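Trainee: Below you'll find the structure I mean.
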Amino acid sequence: MAGSGSLFERIGGEPAVHAAVDVFYKRILEDLKLVRFFEGVDMERLKKHQMEFISFAFTNEPEYVSGHEFMMEAHMKLFEKYGLNETHFDLIAAHFHATLTSLGLSPELVDEAVDVVATLRPAFEEGGKLNH
């Protein structure tokens with residue numbers, strides 16, 4: 001782990017993650033390639049889950065964070081019914097990167113955070129095959 005303390009602490013803790021989640025979903029809901037995946041979704045509930053996930057993922061060592069099965073289960077309907085796949089994951093990851101950058105995090109912290117999230121991409125590759 002780079003730096004001192006967990007990634008969660010180094011990015012600014014709960015206030016910073018809360019701000020990032022708000023900006024992140026604002027960006028996603030403005031993206032015409034992604035907004036359809038969020039139609040009818042309770043966004044406040046989703047933001048709460050995202051806060052919890054980031055808090056966990058950025059506090060624990062990456063090798064102990066296995067999100068593959070969780071991501072498959074959480075997104076199964078979107079994989080099967082709407083064709084969610086790794087292309088969409090890449091768009092979301094780009095929004096995540098842009099969000100953290102816009103909030104003034106150092107390039108090193110942004111890269112470290114995106115690297116943690118990038119470990120989830122294989123679930124979207126696998127899930128994307130379910131709609132073919």
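Chain lettering (A, B, ...) mirrors the order of the structure tokens, residue numbering begins at 1 for each chain separately, and ligand numbering begins at 1 in order of display.
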Please identify all polymer residues within 10 Å of region 74-77 of chain A, counting only C-alpha atoms, omitting same-chain residues fewer than 4 positions from it, and present them as a list in words.

Mentor: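 What passes the distance filter is Phe37, His68, Glu69, Phe70, Lys81, Tyr82, Gly83, Leu84, Asn85, Ala123, Phe124, Gly127, Gly128 and Leu130 of chain A.
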
Trainee: Quick one: residues within 12 Å of region 105-120 of chain A, only C-alpha atoms, excluding same-chain residues fewer than 6 positions away - as a ChimeraX atom specification?

Mentor: /A:1-4,6-12,16-17,20,50,53-72,75,85-86,89-99,126-127

Trainee: Which parts of chain A does DSSP call helix (DSSP H, G or I) when run on the backbone here, written out as number ranges by chain?

Mentor: A: 7-10, 13-29, 35-38, 43-57, 62-64, 68-82, 86-102, 107-118, 121-131

Trainee: Write to file, as a short mmCIF file (atom, residue, chain, number, x, y, z; two decimals), in the first residue's frame, the residues of the selection just made, with C-alpha atoms.

Mentor:
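Result file part03.cif:
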data_model
loop_
_atom_site.label_atom_id
_atom_site.label_comp_id
_atom_site.auth_asym_id
_atom_site.auth_seq_id
_atom_site.Cartn_x
_atom_site.Cartn_y
_atom_site.Cartn_z
CA LEU A 7 -6.33 4.78 0.75
CA PHE A 8 -9.66 5.75 2.34
CA GLU A 9 -7.82 7.93 4.89
CA ARG A 10 -5.40 9.38 2.34
CA GLY A 13 -12.06 9.84 4.57
CA GLU A 14 -15.84 9.90 4.66
CA PRO A 15 -16.35 13.58 3.65
CA ALA A 16 -14.18 13.13 0.55
CA VAL A 17 -15.81 9.83 -0.41
CA HIS A 18 -19.27 11.35 0.06
CA ALA A 19 -18.37 14.27 -2.23
CA ALA A 20 -16.85 11.90 -4.78
CA VAL A 21 -19.95 9.67 -4.85
CA ASP A 22 -22.22 12.69 -5.40
CA VAL A 23 -20.09 14.05 -8.26
CA PHE A 24 -19.59 10.57 -9.73
CA TYR A 25 -23.32 9.81 -10.02
CA LYS A 26 -24.08 13.29 -11.33
CA ARG A 27 -21.59 12.63 -14.14
CA ILE A 28 -22.97 9.16 -14.84
CA LEU A 29 -26.59 10.34 -14.97
CA VAL A 35 -28.14 6.66 -17.85
CA ARG A 36 -30.43 3.83 -19.01
CA PHE A 37 -28.85 1.47 -16.48
CA PHE A 38 -30.04 3.74 -13.68
CA MET A 43 -30.20 6.80 -6.26
CA GLU A 44 -29.95 7.69 -2.58
CA ARG A 45 -29.88 3.99 -1.71
CA LEU A 46 -27.34 3.32 -4.47
CA LYS A 47 -25.13 6.17 -3.24
CA LYS A 48 -25.24 4.70 0.27
CA HIS A 49 -24.17 1.30 -1.07
CA GLN A 50 -21.40 2.94 -3.10
CA MET A 51 -20.15 4.79 -0.02
CA GLU A 52 -20.04 1.51 1.90
CA PHE A 53 -18.29 -0.31 -0.93
CA ILE A 54 -15.63 2.39 -1.40
CA SER A 55 -15.08 2.63 2.34
CA PHE A 56 -14.48 -1.13 2.46
CA ALA A 57 -12.44 -1.44 -0.72
CA PRO A 62 -6.59 -5.08 -2.48
CA GLU A 63 -5.64 -8.78 -2.37
CA TYR A 64 -8.27 -9.26 0.36
CA HIS A 68 -16.05 -10.42 -8.55
CA GLU A 69 -18.89 -12.52 -7.17
CA PHE A 70 -20.47 -9.51 -5.51
CA MET A 71 -20.40 -7.56 -8.78
CA MET A 72 -21.80 -10.49 -10.75
CA GLU A 73 -24.70 -10.88 -8.33
CA ALA A 74 -25.39 -7.17 -7.93
CA HIS A 75 -25.43 -6.54 -11.69
CA MET A 76 -26.92 -9.81 -13.00
CA LYS A 77 -30.19 -8.20 -14.15
CA LEU A 78 -28.24 -5.51 -15.99
CA PHE A 79 -25.98 -8.07 -17.64
CA GLU A 80 -28.82 -10.32 -18.76
CA LYS A 81 -31.54 -7.83 -19.61
CA TYR A 82 -29.70 -4.69 -20.67
CA GLU A 86 -16.89 -4.14 -19.94
CA THR A 87 -17.36 -1.21 -22.35
CA HIS A 88 -19.78 0.31 -19.86
CA PHE A 89 -17.38 -0.50 -17.03
CA ASP A 90 -14.66 1.42 -18.88
CA LEU A 91 -16.96 4.45 -19.24
CA ILE A 92 -17.78 4.31 -15.53
CA ALA A 93 -14.10 3.93 -14.61
CA ALA A 94 -13.32 7.00 -16.74
CA HIS A 95 -16.00 8.96 -14.86
CA PHE A 96 -14.54 7.76 -11.57
CA HIS A 97 -11.07 8.93 -12.65
CA ALA A 98 -12.43 12.30 -13.80
CA THR A 99 -14.42 12.70 -10.58
CA LEU A 100 -11.42 12.14 -8.34
CA THR A 101 -9.28 14.42 -10.49
CA SER A 102 -11.94 17.17 -10.40
CA PRO A 107 -2.55 11.89 -9.75
CA GLU A 108 -0.93 9.19 -7.60
CA LEU A 109 -4.01 8.83 -5.38
CA VAL A 110 -6.32 8.86 -8.39
CA ASP A 111 -4.30 6.11 -10.04
CA GLU A 112 -4.25 4.05 -6.84
CA ALA A 113 -8.03 4.37 -6.44
CA VAL A 114 -8.69 3.51 -10.09
CA ASP A 115 -6.37 0.50 -9.80
CA VAL A 116 -8.54 -0.86 -6.97
CA VAL A 117 -11.70 -0.36 -9.02
CA ALA A 118 -10.08 -1.86 -12.14
CA ARG A 121 -13.50 -5.30 -14.67
CA PRO A 122 -13.36 -9.09 -15.22
CA ALA A 123 -16.83 -9.41 -13.68
CA PHE A 124 -18.16 -7.08 -16.38
CA GLU A 125 -16.32 -9.00 -19.08
CA GLU A 126 -17.92 -12.22 -17.85
CA GLY A 127 -21.32 -10.62 -17.29
CA GLY A 128 -21.26 -9.06 -20.74
CA LYS A 129 -21.22 -12.53 -22.28
CA LEU A 130 -24.55 -13.42 -20.65
CA ASN A 131 -26.55 -11.27 -23.05
#
